file input-v4.txt (compact mmCIF, C-alpha atoms)
# COMPACT_ATOMS: atom_id res chain seq x y z
CA MET X 8 -8.04 -22.85 7.34
CA ARG X 9 -4.57 -21.92 8.54
CA ARG X 10 -4.37 -20.35 11.99
CA PRO X 11 -1.65 -18.25 13.71
CA THR X 12 0.63 -19.52 16.77
CA ALA X 13 -0.73 -6.80 7.85
CA ARG X 14 3.99 17.18 -16.72
CA ALA X 15 4.89 20.30 -17.74
CA TYR X 16 6.61 22.05 -14.89
CA THR X 17 10.09 21.14 -13.69
CA ALA X 18 12.04 22.18 -10.65
CA PRO X 19 15.52 21.31 -9.43
CA ALA X 20 15.49 19.21 -6.29
CA ALA X 21 19.02 19.99 -5.10
CA ALA X 22 17.93 23.05 -3.15
CA LEU X 23 15.34 20.98 -1.35
CA ALA X 24 17.46 17.98 -0.47
CA ALA X 25 18.95 17.52 2.92
CA LEU X 26 20.77 14.85 4.81
CA LEU X 27 18.98 14.53 8.09
CA THR X 28 20.47 12.69 11.06
CA LEU X 29 18.02 10.32 12.67
CA VAL X 30 17.10 11.05 16.26
CA PRO X 31 15.90 8.86 19.13
CA ALA X 32 12.20 8.17 19.54
CA ALA X 33 10.23 7.74 22.73
CA GLN X 34 10.53 4.40 24.52
CA ALA X 35 8.01 1.71 23.49
CA ASP X 36 6.79 -1.30 25.44
CA SER X 37 8.29 -3.97 23.21
CA THR X 38 10.74 -2.05 21.05
CA ASP X 39 14.18 -0.65 21.84
CA LEU X 40 14.28 2.79 20.19
CA THR X 41 17.69 4.23 19.34
CA ALA X 42 19.35 6.74 17.02
CA ALA X 43 21.15 5.51 13.94
CA ALA X 44 22.01 6.39 10.35
CA THR X 45 20.95 9.13 7.96
CA THR X 46 18.10 9.47 5.48
CA VAL X 47 17.82 11.82 2.50
CA ILE X 48 14.57 13.79 2.74
CA GLU X 49 13.34 16.04 -0.06
CA LYS X 50 10.17 18.07 -0.34
CA VAL X 51 8.22 17.43 -3.55
CA PRO X 52 7.83 20.88 -5.17
CA TYR X 53 4.06 20.68 -5.73
CA ALA X 54 1.17 21.43 -3.39
CA MET X 55 -0.57 18.37 -2.01
CA ASP X 56 -4.24 18.21 -1.05
CA SER X 57 -4.95 17.17 2.53
CA SER X 58 -7.10 14.31 1.18
CA ASN X 59 -3.92 12.55 0.05
CA GLN X 60 -3.96 9.98 2.84
CA ALA X 61 -4.61 6.25 2.85
CA ALA X 62 -3.20 2.93 4.05
CA TRP X 63 -4.15 0.41 1.35
CA TRP X 64 -2.77 2.41 -1.60
CA THR X 65 0.32 1.81 -3.77
CA PRO X 66 1.12 5.45 -4.70
CA ALA X 67 4.85 5.07 -5.47
CA ALA X 68 6.73 3.34 -8.27
CA THR X 69 10.38 3.23 -9.33
CA TYR X 70 12.24 2.41 -12.54
CA LYS X 71 15.96 1.87 -13.23
CA GLY X 72 16.96 3.37 -16.57
CA ARG X 73 19.95 5.74 -16.78
CA GLY X 74 19.65 5.93 -13.02
CA GLN X 75 16.63 5.63 -10.75
CA TYR X 76 13.33 7.27 -11.63
CA THR X 77 10.64 7.71 -8.99
CA TYR X 78 6.94 8.28 -9.60
CA PHE X 79 4.61 9.59 -6.88
CA ALA X 80 0.87 9.61 -7.61
CA PHE X 81 -0.89 12.11 -5.36
CA ASN X 82 -3.89 14.40 -4.93
CA GLU X 83 -3.37 18.09 -5.69
CA PRO X 84 -5.77 20.75 -4.32
CA GLY X 85 -8.98 21.00 -6.33
CA SER X 86 -11.10 23.98 -7.30
CA THR X 87 -12.85 23.81 -3.93
CA ALA X 88 -11.85 22.66 -0.46
CA ALA X 89 -13.90 19.48 -0.96
CA THR X 90 -12.23 18.37 -4.20
CA HIS X 91 -8.82 17.29 -5.47
CA ARG X 92 -7.00 16.84 -8.79
CA PRO X 93 -4.81 13.74 -9.22
CA ALA X 94 -1.32 14.07 -10.65
CA VAL X 95 2.04 12.32 -10.79
CA ALA X 96 5.31 13.82 -9.57
CA ARG X 97 8.28 12.29 -11.36
CA ARG X 98 11.82 12.52 -9.99
CA ASP X 99 14.56 11.97 -12.57
CA PRO X 100 18.00 10.55 -11.69
CA ASP X 101 19.49 14.07 -11.73
CA GLY X 102 17.03 15.16 -9.04
CA VAL X 103 14.75 17.20 -11.32
CA TRP X 104 11.04 16.92 -10.60
CA SER X 105 8.31 17.03 -13.26
CA ARG X 106 4.58 17.28 -12.77
CA LEU X 107 2.23 15.15 -14.90
CA PRO X 108 -1.50 15.86 -14.41
CA LEU X 109 -4.11 13.17 -15.03
CA LEU X 110 -6.22 14.39 -17.96
CA ASP X 111 -9.90 13.66 -18.49
CA LYS X 112 -11.67 13.14 -21.83
CA SER X 113 -11.81 16.90 -22.43
CA GLY X 114 -8.06 17.26 -21.96
CA GLN X 115 -8.43 19.06 -18.64
CA GLN X 116 -6.98 17.85 -15.37
CA ALA X 117 -9.41 15.42 -13.79
CA GLU X 118 -11.10 16.51 -10.56
CA PHE X 119 -12.94 14.43 -7.99
CA ALA X 120 -14.59 14.78 -4.60
CA ASP X 121 -12.46 14.24 -1.51
CA ASP X 122 -13.05 11.02 0.40
CA ASN X 123 -10.27 10.29 2.85
CA GLY X 124 -9.23 6.66 2.94
CA HIS X 125 -10.85 5.90 -0.41
CA ASN X 126 -10.23 8.50 -3.14
CA GLN X 127 -6.46 8.17 -3.31
CA PRO X 128 -4.26 7.02 -6.22
CA SER X 129 -2.20 3.94 -6.99
CA ILE X 130 0.47 3.77 -9.72
CA ALA X 131 2.66 1.32 -11.60
CA ARG X 132 4.99 1.42 -14.60
CA ASP X 133 4.78 -1.46 -17.08
CA GLY X 134 7.63 -3.07 -19.00
CA SER X 135 7.13 -0.73 -21.98
CA GLY X 136 7.42 2.40 -19.86
CA ARG X 137 3.72 3.25 -19.74
CA LEU X 138 2.41 4.69 -16.49
CA HIS X 139 -0.86 3.34 -15.13
CA VAL X 140 -2.78 5.28 -12.46
CA PHE X 141 -5.98 4.31 -10.67
CA ALA X 142 -7.53 7.28 -8.87
CA SER X 143 -10.43 8.33 -6.67
CA MET X 144 -12.79 5.36 -6.54
CA HIS X 145 -15.14 4.54 -3.69
CA ALA X 146 -17.66 2.18 -5.26
CA ASP X 147 -17.30 4.18 -8.49
CA ALA X 148 -16.88 3.04 -12.09
CA TRP X 149 -13.26 2.75 -13.16
CA ARG X 150 -11.15 5.90 -13.01
CA TYR X 151 -8.07 4.72 -14.83
CA PHE X 152 -5.43 6.82 -16.59
CA ARG X 153 -2.44 5.74 -18.68
CA THR X 154 0.31 7.04 -20.92
CA GLU X 155 0.46 5.69 -24.47
CA ALA X 156 4.27 5.81 -24.46
CA PRO X 157 7.02 6.82 -22.04
CA GLY X 158 6.88 10.54 -21.37
CA GLY X 159 3.40 11.00 -22.85
CA ASP X 160 0.32 12.56 -21.30
CA ILE X 161 -1.57 10.54 -18.70
CA THR X 162 -5.05 10.25 -20.18
CA ASP X 163 -8.36 8.54 -19.46
CA HIS X 164 -8.45 4.86 -20.46
CA ALA X 165 -11.22 3.71 -18.12
CA ALA X 166 -13.25 2.14 -20.94
CA GLU X 167 -10.52 -0.48 -21.48
CA LEU X 168 -11.03 -2.24 -18.13
CA PRO X 169 -13.22 -5.31 -17.63
CA ASP X 170 -16.19 -5.10 -15.26
CA GLN X 171 -17.57 -1.86 -16.59
CA GLY X 172 -20.27 -0.11 -14.61
CA VAL X 173 -19.61 -1.74 -11.23
CA GLY X 174 -18.27 -0.09 -8.12
CA ILE X 175 -14.49 -0.26 -7.64
CA THR X 176 -12.69 0.48 -4.38
CA TYR X 177 -9.12 0.07 -3.05
CA PRO X 178 -7.21 -0.52 -6.32
CA ILE X 179 -3.65 -1.69 -5.62
CA VAL X 180 -1.22 -2.40 -8.46
CA THR X 181 2.29 -3.76 -8.97
CA THR X 182 4.69 -4.63 -11.78
CA ALA X 183 5.78 -8.20 -12.50
CA PRO X 184 9.37 -9.00 -13.54
CA ASN X 185 8.20 -9.61 -17.14
CA GLY X 186 6.63 -6.13 -17.37
CA ASP X 187 3.03 -7.21 -16.86
CA LEU X 188 0.94 -5.58 -14.13
CA TYR X 189 -1.33 -7.12 -11.55
CA LEU X 190 -4.19 -5.21 -9.97
CA ALA X 191 -6.36 -6.17 -7.01
CA ALA X 192 -9.51 -4.31 -5.98
CA ARG X 193 -12.76 -4.68 -4.16
CA VAL X 194 -15.49 -4.94 -6.79
CA GLY X 195 -19.16 -4.19 -6.36
CA ALA X 196 -21.29 -2.16 -3.98
CA GLY X 197 -23.74 -4.78 -2.79
CA ALA X 198 -25.17 -4.61 0.71
CA ASP X 199 -24.60 -8.32 1.35
CA ARG X 200 -21.21 -8.99 -0.29
CA ARG X 201 -18.26 -7.14 -1.87
CA PRO X 202 -15.71 -9.54 -3.37
CA GLY X 203 -12.04 -9.10 -4.19
CA LYS X 204 -10.87 -9.55 -7.78
CA LEU X 205 -7.46 -9.90 -9.42
CA TYR X 206 -6.70 -8.42 -12.87
CA ARG X 207 -3.71 -8.68 -15.21
CA TRP X 208 -2.26 -6.22 -17.70
CA ASP X 209 -0.68 -8.18 -20.53
CA ASN X 210 2.15 -5.85 -21.47
CA ALA X 211 2.84 -7.42 -24.86
CA ALA X 212 -0.83 -7.33 -25.90
CA ALA X 213 -1.50 -4.04 -24.06
CA ARG X 214 -4.79 -5.16 -22.56
CA TRP X 215 -6.43 -5.92 -19.22
CA SER X 216 -8.22 -9.13 -18.30
CA VAL X 217 -9.76 -10.71 -15.21
CA VAL X 218 -7.66 -13.38 -13.52
CA ALA X 219 -10.20 -14.42 -10.90
CA THR X 220 -12.49 -13.43 -8.11
CA PHE X 221 -10.05 -14.42 -5.40
CA ALA X 222 -12.21 -13.88 -2.29
CA ASP X 223 -15.96 -13.69 -1.77
CA ALA X 224 -18.49 -14.65 0.89
CA LEU X 225 -22.07 -13.85 1.83
CA ASN X 226 -22.33 -10.97 4.32
CA ARG X 227 -18.62 -10.23 3.96
CA SER X 228 -16.61 -7.49 2.26
CA VAL X 229 -13.01 -7.88 1.05
CA TYR X 230 -10.36 -5.22 1.75
CA PRO X 231 -7.21 -5.59 -0.40
CA ASP X 232 -4.04 -4.56 1.43
CA ASP X 233 -1.07 -5.33 -0.83
CA LEU X 234 0.30 -7.50 -3.61
CA ALA X 235 3.75 -8.41 -4.89
CA VAL X 236 5.18 -10.59 -7.64
CA ASP X 237 8.20 -12.81 -7.07
CA ALA X 238 11.01 -13.63 -9.52
CA ALA X 239 9.11 -16.70 -10.77
CA GLY X 240 6.07 -14.56 -11.61
CA ARG X 241 3.86 -15.76 -8.74
CA VAL X 242 1.49 -13.16 -7.34
CA HIS X 243 1.23 -12.78 -3.56
CA LEU X 244 -1.98 -11.22 -2.20
CA LEU X 245 -2.76 -9.76 1.21
CA TYR X 246 -6.33 -8.88 2.21
CA GLU X 247 -8.78 -8.55 5.12
CA TRP X 248 -12.42 -9.47 5.72
CA ALA X 249 -15.17 -7.28 7.14
CA LYS X 250 -18.86 -7.57 7.76
CA ALA X 251 -20.71 -6.33 4.67
CA PRO X 252 -21.28 -3.79 3.38
CA ALA X 253 -18.31 -1.87 4.87
CA THR X 254 -16.54 -0.78 8.02
CA GLY X 255 -13.36 0.87 9.26
CA PHE X 256 -12.50 -2.23 11.32
CA ARG X 257 -11.73 -5.57 9.73
CA HIS X 258 -10.80 -9.12 10.70
CA GLN X 259 -8.96 -12.27 9.67
CA LEU X 260 -6.02 -10.82 7.79
CA SER X 261 -5.31 -13.39 5.07
CA TYR X 262 -2.81 -14.43 2.41
CA LEU X 263 -3.13 -16.04 -1.02
CA ARG X 264 -0.69 -16.89 -3.81
CA TYR X 265 -1.44 -17.15 -7.55
CA ASP X 266 0.78 -18.99 -10.05
CA PRO X 267 -0.01 -17.72 -13.58
CA SER X 268 2.00 -20.51 -15.24
CA ALA X 269 -0.34 -23.10 -13.72
CA GLY X 270 -3.42 -20.94 -13.30
CA THR X 271 -3.74 -22.09 -9.69
CA PHE X 272 -4.02 -20.56 -6.22
CA THR X 273 -2.28 -21.85 -3.10
CA ASP X 274 -1.77 -20.92 0.51
CA SER X 275 1.61 -20.01 1.99
CA ALA X 276 2.48 -23.69 2.52
CA GLY X 277 1.84 -24.48 -1.15
CA ALA X 278 -1.45 -26.30 -0.63
CA SER X 279 -3.99 -25.79 -3.42
CA VAL X 280 -7.07 -23.71 -2.61
CA THR X 281 -10.29 -23.16 -4.52
CA THR X 282 -11.21 -19.58 -5.33
CA PRO X 283 -13.01 -17.55 -4.39
CA VAL X 284 -11.85 -18.27 -0.88
CA THR X 285 -14.09 -17.46 2.09
CA PRO X 286 -13.14 -16.53 5.66
CA GLY X 287 -13.37 -20.23 6.47
CA THR X 288 -11.04 -21.33 3.67
CA SER X 289 -8.56 -18.45 3.75
CA ASP X 290 -4.94 -18.74 4.90
CA VAL X 291 -5.49 -16.58 8.01
CA ILE X 292 -2.52 -14.69 9.44
CA GLN X 293 -4.32 -12.95 12.31
CA ASP X 294 -7.37 -14.86 13.49
CA LEU X 295 -10.17 -13.65 15.74
CA THR X 296 -9.24 -13.18 19.40
CA ALA X 297 -11.24 -12.89 22.60
CA GLY X 298 -13.97 -10.30 22.34
CA GLU X 299 -13.65 -9.81 18.58
CA GLU X 300 -16.94 -9.29 16.73
CA TRP X 301 -18.08 -8.80 13.15
CA SER X 302 -19.59 -5.32 13.21
CA ILE X 303 -20.32 -2.46 10.80
CA ASP X 304 -20.36 0.05 13.66
CA ASN X 305 -17.54 2.51 13.03
CA ALA X 306 -17.57 3.23 16.75
CA TYR X 307 -16.69 -0.42 17.45
CA THR X 308 -13.90 -0.61 20.03
CA GLY X 309 -13.16 -4.33 20.08
CA PRO X 310 -10.29 -6.32 18.54
CA ALA X 311 -9.73 -5.70 14.83
CA VAL X 312 -7.23 -5.49 11.98
CA GLN X 313 -6.96 -2.23 10.08
CA SER X 314 -4.05 -2.36 7.63
CA ALA X 315 -1.20 -4.56 6.41
CA LYS X 316 1.67 -4.69 3.90
CA LEU X 317 3.91 -7.42 2.57
CA THR X 318 7.36 -7.99 1.14
CA LEU X 319 9.02 -11.13 -0.22
CA ASP X 320 12.04 -13.11 0.86
CA GLY X 321 12.41 -15.01 -2.39
CA CYS X 322 8.96 -16.55 -2.60
CA ALA X 323 8.23 -16.36 1.14
CA PRO X 324 5.94 -13.56 2.33
CA LYS X 325 6.87 -11.28 5.22
CA ILE X 326 3.98 -9.30 6.67
CA ALA X 327 3.59 -6.11 8.70
CA TYR X 328 0.15 -5.41 10.13
CA ARG X 329 -1.76 -3.40 12.73
CA TYR X 330 -4.03 -5.15 15.20
CA ARG X 331 -6.05 -3.95 18.17
CA SER X 332 -6.47 -6.65 20.79
CA ALA X 333 -8.61 -6.65 23.91
CA ASP X 334 -5.58 -5.86 26.07
CA SER X 335 -4.03 -3.11 23.94
CA GLY X 336 -5.81 -0.20 25.60
CA GLY X 337 -7.61 0.69 22.39
CA ASN X 338 -4.33 1.04 20.48
CA PHE X 339 -3.46 -0.60 17.19
CA ARG X 340 -0.09 -2.27 17.76
CA VAL X 341 2.31 -3.15 14.94
CA TYR X 342 3.15 -6.80 14.29
CA TYR X 343 5.45 -8.81 12.05
CA ALA X 344 4.32 -12.20 10.72
CA TYR X 345 5.82 -14.94 8.61
CA PRO X 346 4.81 -18.51 7.67
CA SER X 347 6.39 -21.44 9.48
CA GLY X 348 5.28 -24.83 8.22
CA SER X 349 1.49 -24.82 8.26
CA ASP X 350 1.23 -21.93 10.73
CA TRP X 351 1.91 -18.22 10.90
CA VAL X 352 4.24 -16.81 13.53
CA SER X 353 3.47 -13.30 14.77
CA LYS X 354 5.81 -10.99 16.72
CA THR X 355 5.14 -7.60 18.31
CA VAL X 356 7.11 -4.75 16.72
CA TYR X 357 5.62 -1.69 18.43
CA ALA X 358 3.25 -1.47 21.37
CA GLY X 359 4.13 1.95 22.74
CA GLY X 360 0.95 3.83 21.88
CA GLN X 361 -1.55 4.54 19.15
CA THR X 362 -0.51 4.24 15.50
CA ALA X 363 -1.96 5.64 12.27
CA ALA X 364 -3.17 3.22 9.62
CA ALA X 365 -0.28 3.44 7.14
CA LEU X 366 2.49 0.80 7.16
CA GLY X 367 5.44 -0.34 5.04
CA ILE X 368 7.79 -3.32 5.02
CA THR X 369 10.93 -4.07 3.01
CA TRP X 370 13.52 -6.84 2.95
CA ASP X 371 17.14 -6.39 1.91
CA GLU X 372 17.66 -9.96 0.63
CA THR X 373 19.96 -10.82 3.53
CA ASP X 374 18.41 -10.89 6.97
CA THR X 375 17.28 -7.32 7.55
CA LYS X 376 13.59 -6.53 7.67
CA ARG X 377 12.46 -2.92 7.88
CA ILE X 378 8.97 -2.19 9.15
CA TYR X 379 7.73 1.37 8.82
CA TYR X 380 4.88 2.72 10.92
CA VAL X 381 3.34 6.03 11.95
CA THR X 382 2.67 6.98 15.56
CA GLY X 383 -0.54 8.74 16.52
CA SER X 384 1.28 11.81 17.84
CA GLY X 385 4.72 13.33 18.33
CA THR X 386 7.09 15.73 16.57
CA ASP X 387 8.49 12.84 14.53
CA ARG X 388 5.80 10.31 13.67
CA VAL X 389 7.26 8.06 10.96
CA PHE X 390 9.54 5.34 12.33
CA VAL X 391 11.40 2.35 10.95
CA ALA X 392 12.06 -0.74 13.04
CA THR X 393 14.64 -3.46 12.36
CA GLN X 394 15.13 -6.76 14.13
CA SER X 395 18.40 -7.92 15.67
CA ALA X 396 19.57 -11.52 15.93
CA ASP X 397 18.08 -11.90 19.41
CA GLY X 398 14.64 -10.85 18.15
CA THR X 399 14.69 -7.33 19.61
CA TRP X 400 13.13 -4.67 17.44
CA THR X 401 15.02 -1.35 17.30
CA ALA X 402 13.25 1.72 15.93
CA GLN X 403 14.41 5.13 14.78
CA SER X 404 12.84 8.14 13.17
CA ALA X 405 12.55 7.68 9.41
CA ALA X 406 11.73 11.34 8.70
CA PRO X 407 13.21 13.51 11.47
CA GLY X 408 12.05 17.10 11.45
CA VAL X 409 9.27 16.38 8.95
CA GLY X 410 5.65 16.34 10.07
CA ALA X 411 4.67 13.40 7.89
CA ASP X 412 1.64 11.54 9.22
CA ARG X 413 1.14 8.94 6.48
CA LEU X 414 3.54 6.84 4.43
CA ALA X 415 4.11 4.35 1.65
CA VAL X 416 7.34 2.52 0.82
CA ARG X 417 8.85 1.02 -2.33
CA ARG X 418 12.24 -0.68 -2.57
CA ASP X 419 14.12 0.35 -5.74
CA SER X 420 16.43 -1.83 -7.83
CA ASP X 421 19.51 -0.26 -6.19
CA GLY X 422 18.41 -1.66 -2.85
CA ASN X 423 17.16 1.61 -1.38
CA ASP X 424 13.87 2.18 0.39
CA VAL X 425 11.96 5.00 -1.33
CA LEU X 426 9.65 6.71 1.14
CA TYR X 427 6.44 8.48 0.18
CA LEU X 428 5.66 10.83 3.07
CA PRO X 429 2.52 13.02 3.13
CA ASP X 430 2.25 15.78 5.72
CA THR X 431 -1.49 16.36 5.59
CA ALA X 432 -1.47 19.22 8.10
CA HIS X 433 0.79 21.32 5.84
CA ASN X 434 -0.34 20.09 2.39
CA ALA X 435 3.16 18.82 1.65
CA LEU X 436 4.55 15.60 0.21
CA TYR X 437 8.10 14.42 0.91
CA TYR X 438 10.43 12.00 -0.86
CA GLY X 439 12.75 9.97 1.30
CA LEU X 440 15.63 7.62 0.47
CA ARG X 441 17.36 5.26 2.91
call {"tool": "encode", "arguments": {"input": "input-v4.txt", "output": "structure tokens"}}
result
Amino acid sequence: MRRPTARAYTAPAAALAALLTLVPAAQADSTDLTAAATTVIEKVPYAMDSSNQAAWWTPAATYKGRGQYTYFAFNEPGSTAATHRPAVARRDPDGVWSRLPLLDKSGQQAEFADDNGHNQPSIARDGSGRLHVFASMHADAWRYFRTEAPGGDITDHAAELPDQGVGITYPIVTTAPNGDLYLAARVGAGADRRPGKLYRWDNAAARWSVVATFADALNRSVYPDDLAVDAAGRVHLLYEWAKAPATGFRHQLSYLRYDPSAGTFTDSAGASVTTPVTPGTSDVIQDLTAGEEWSIDNAYTGPAVQSAKLTLDGCAPKIAYRYRSADSGGNFRVYYAYPSGSDWVSKTVYAGGQTAAALGITWDETDTKRIYYVTGSGTDRVFVATQSADGTWTAQSAAPGVGADRLAVRRDSDGNDVLYLPDTAHNALYYGLR
């Protein structure tokens, strides 16, 4: 095991857009916070349900056609305060927004019970222009919706997935360069184990299949965090382990790579591994530290991992993650990690106070990493940190004047970071571009 040394309605967006100058943030222990450039922030013109909040999700997708298209999957308010209705907000290159509801078998907009941290959507667009949305599953049978063709209705296609009738949680999905999709999820609702599985959408054949159970162990539950596909088609997976059946606090953040051309799995150094991996055979980024325990007590206050995201520098993974150590005063700090030989190197990005679970990380294909995080309080809560040549991390507000308290990030093909910014206190969703 490797050890360390995370339809129907349109509205013009022009009236909502604004160039907002970034402002300084409060001083952090290990991060120099300064003011810098500008970000375009735009309010999505549809009401958002307050349940639209998660950390593991992949709720944003982009596509370069005659300009950049952006797709935001989100929860709209339901018929009661305890329910929501999933939909997609699409932003066209001319700035016009369109709303596409997810339709059930009866042709009505689907509606599900709220369940913060679980019943949130993930989305991807395949190489043929079909949208795929996975929504509202916490140990539920598949809730999967898809368009048949670009611009079509998003309808129920749950019966097309493998592993029918088992509990699915934390579906994360991404598009490969060849137009295929890869999906990772926790599968099963057993009391003694809940494995992680990887699926593939064959775009040419228009069908889903199981790639592998990538992680599984007795008395352990797998929490998928993120996945990405590099230019060679290799799939990079990020996940955590927890004591089964489930808990809000996890351990041993881990990495795995799958090469579809060879049908093999490796660690970050390229060494072959046998799947499903276990905690003892995983490529561990953040190992257990002093005082860390496997517990299902959601009041547990010891060291733990809670969320992580990855980006790729070519085929090399770059990781952002949140970890609470014994000396952090109960706060989840933000870290940056990368592989070096047979080890992982971890650096502190933000240690100035409590953070919310959501994270993002992008890489501009030169030497600039951007790590996005959300502070536990403040007027501005979403920040982006970049690293200078001397290793210092400098942070600035990524959404000044907007009360966003969650986030997701996608980098589009024009080299921009597309920000998905929910403000759960005001039932509003914001689009950002930087």
call {"tool": "atom_distance", "arguments": {"input": "input-v4.txt", "atom1": "CA of Pro100 (chain X)", "atom2": "CA of Val416 (chain X)"}}
result
18.3 Å
call {"tool": "closest_residue", "arguments": {"input": "input-v4.txt", "among": "X:Pro252, X:Pro283, X:Pro157, X:Pro84", "to": "Lys204 (chain X)", "atoms": "all atoms listed in the file"}}
result
X:Pro283
call {"tool": "closest_residue", "arguments": {"input": "input-v4.txt", "among": "X:Ala323, X:Val242, X:Ala235, X:Leu428", "to": "Phe79 (chain X)", "atoms": "only C-alpha atoms"}}
result
X:Leu428
call {"tool": "residues_around", "arguments": {"input": "input-v4.txt", "residues": "Gly136 (chain X)", "least_positions_apart": "5", "cutoff": "12 Å", "atoms": "only C-alpha atoms", "output": "list in words"}}
result
Ala68, Thr69, Tyr70, Lys71, Gly72, Tyr76, Tyr78, Ala131, Arg153, Thr154, Glu155, Ala156, Pro157, Gly158, Gly159, Thr182, Gly186, Asp187, Leu188, Asn210, Ala211 and Ala213 of chain X
call {"tool": "atom_distance", "arguments": {"input": "input-v4.txt", "atom1": "CA of Trp301 (chain X)", "atom2": "CA of Lys250 (chain X)"}}
result
5.6 Å
call {"tool": "residues_around", "arguments": {"input": "input-v4.txt", "residues": "Ala146 (chain X)", "least_positions_apart": "2", "cutoff": "6 Å", "atoms": "only C-alpha atoms", "output": "PyMOL selection string"}}
result
chain X and resi 144+174-176+196
call {"tool": "residues_near_point", "arguments": {"input": "input-v4.txt", "point": "(-9.6, 8.9, -2.9)", "cutoff": "8 Å", "atoms": "all atoms listed in the file", "output": "PyMOL selection string"}}
result
chain X and resi 58-59+120-128+142-145
call {"tool": "residues_around", "arguments": {"input": "input-v4.txt", "residues": "Gly385 (chain X)", "least_positions_apart": "5", "cutoff": "12 Å", "atoms": "only C-alpha atoms", "output": "PDB file with C-alpha atoms, keeping the file's coordinate frame"}}
result
ATOM      1  CA  ALA X  32      12.200   8.170  19.540  1.00  0.00           C
ATOM      2  CA  ALA X  33      10.230   7.740  22.730  1.00  0.00           C
ATOM      3  CA  GLY X 360       0.950   3.830  21.880  1.00  0.00           C
ATOM      4  CA  GLN X 361      -1.550   4.540  19.150  1.00  0.00           C
ATOM      5  CA  THR X 362      -0.510   4.240  15.500  1.00  0.00           C
ATOM      6  CA  ALA X 363      -1.960   5.640  12.270  1.00  0.00           C
ATOM      7  CA  PHE X 390       9.540   5.340  12.330  1.00  0.00           C
ATOM      8  CA  SER X 404      12.840   8.140  13.170  1.00  0.00           C
ATOM      9  CA  PRO X 407      13.210  13.510  11.470  1.00  0.00           C
ATOM     10  CA  GLY X 408      12.050  17.100  11.450  1.00  0.00           C
ATOM     11  CA  VAL X 409       9.270  16.380   8.950  1.00  0.00           C
ATOM     12  CA  GLY X 410       5.650  16.340  10.070  1.00  0.00           C
ATOM     13  CA  ALA X 411       4.670  13.400   7.890  1.00  0.00           C
ATOM     14  CA  ASP X 412       1.640  11.540   9.220  1.00  0.00           C
TER      15      ASP X 412
END
call {"tool": "closest_residue", "arguments": {"input": "input-v4.txt", "among": "X:Ala62, X:Ile179, X:Ala432, X:Ala165", "to": "Trp215 (chain X)", "atoms": "all atoms listed in the file"}}
result
X:Ala165
call {"tool": "closest_residue", "arguments": {"input": "input-v4.txt", "among": "X:Val425, X:Ile292, X:Ala54, X:Leu440", "to": "Val95 (chain X)", "atoms": "all atoms listed in the file"}}
result
X:Ala54
call {"tool": "atom_distance", "arguments": {"input": "input-v4.txt", "atom1": "CA of Ser347 (chain X)", "atom2": "CA of Lys325 (chain X)"}}
result
11.0 Å
call {"tool": "closest_residue", "arguments": {"input": "input-v4.txt", "among": "X:Val173, X:Val284, X:Leu260, X:Ala311", "to": "Thr296 (chain X)", "atoms": "all atoms listed in the file"}}
result
X:Ala311
call {"tool": "closest_residue", "arguments": {"input": "input-v4.txt", "among": "X:Lys316, X:Val194, X:Ser113, X:Val291", "to": "Val352 (chain X)", "atoms": "only C-alpha atoms"}}
result
X:Val291
call {"tool": "residues_around", "arguments": {"input": "input-v4.txt", "residues": "region 377-380 of chain X", "least_positions_apart": "3", "cutoff": "9 Å", "atoms": "all atoms listed in the file", "output": "list in words"}}
result
Ala327, Val341, Tyr343, Val356, Tyr357, Thr362, Ala363, Ala364, Ala365, Leu366, Gly367, Ile368, Thr369, Trp370, Asp371, Arg388, Val389, Phe390, Val391, Ala392, Thr393, Gln394, Ala402, Ala405, Arg413, Leu414, Ala415 and Val416 of chain X
call {"tool": "axis_aligned_box", "arguments": {"input": "input-v4.txt", "around": "region 320-337 of chain X", "padding_each_side": "8 Å", "output": "JSON"}}
result
{"center_x": 1.9, "center_y": -7.9, "center_z": 11.7, "size_x": 37.0, "size_y": 33.2, "size_z": 44.7}
call {"tool": "decode", "arguments": {"input": "input-v4.txt", "residues": "region 212-228 of chain X", "atoms": "C-alpha atoms", "output": "mmCIF file, in the first residue's frame"}}
result
data_model
loop_
_atom_site.group_PDB
_atom_site.id
_atom_site.type_symbol
_atom_site.label_atom_id
_atom_site.label_comp_id
_atom_site.auth_asym_id
_atom_site.auth_seq_id
_atom_site.Cartn_x
_atom_site.Cartn_y
_atom_site.Cartn_z
ATOM 1 C CA ALA X 212 -23.402 0.982 -29.147
ATOM 2 C CA ALA X 213 -25.507 3.216 -26.865
ATOM 3 C CA ARG X 214 -25.409 0.875 -23.902
ATOM 4 C CA TRP X 215 -24.087 0.612 -20.353
ATOM 5 C CA SER X 216 -21.931 -2.178 -18.970
ATOM 6 C CA VAL X 217 -20.030 -2.961 -15.779
ATOM 7 C CA VAL X 218 -16.282 -2.420 -15.947
ATOM 8 C CA ALA X 219 -15.438 -3.753 -12.491
ATOM 9 C CA THR X 220 -16.025 -3.629 -8.797
ATOM 10 C CA PHE X 221 -13.016 -1.449 -8.127
ATOM 11 C CA ALA X 222 -13.049 -1.372 -4.301
ATOM 12 C CA ASP X 223 -14.607 -3.655 -1.704
ATOM 13 C CA ALA X 224 -13.807 -4.912 1.783
ATOM 14 C CA LEU X 225 -15.600 -6.548 4.693
ATOM 15 C CA ASN X 226 -16.926 -3.999 7.210
ATOM 16 C CA ARG X 227 -16.044 -1.131 4.887
ATOM 17 C CA SER X 228 -18.069 1.227 2.695
#
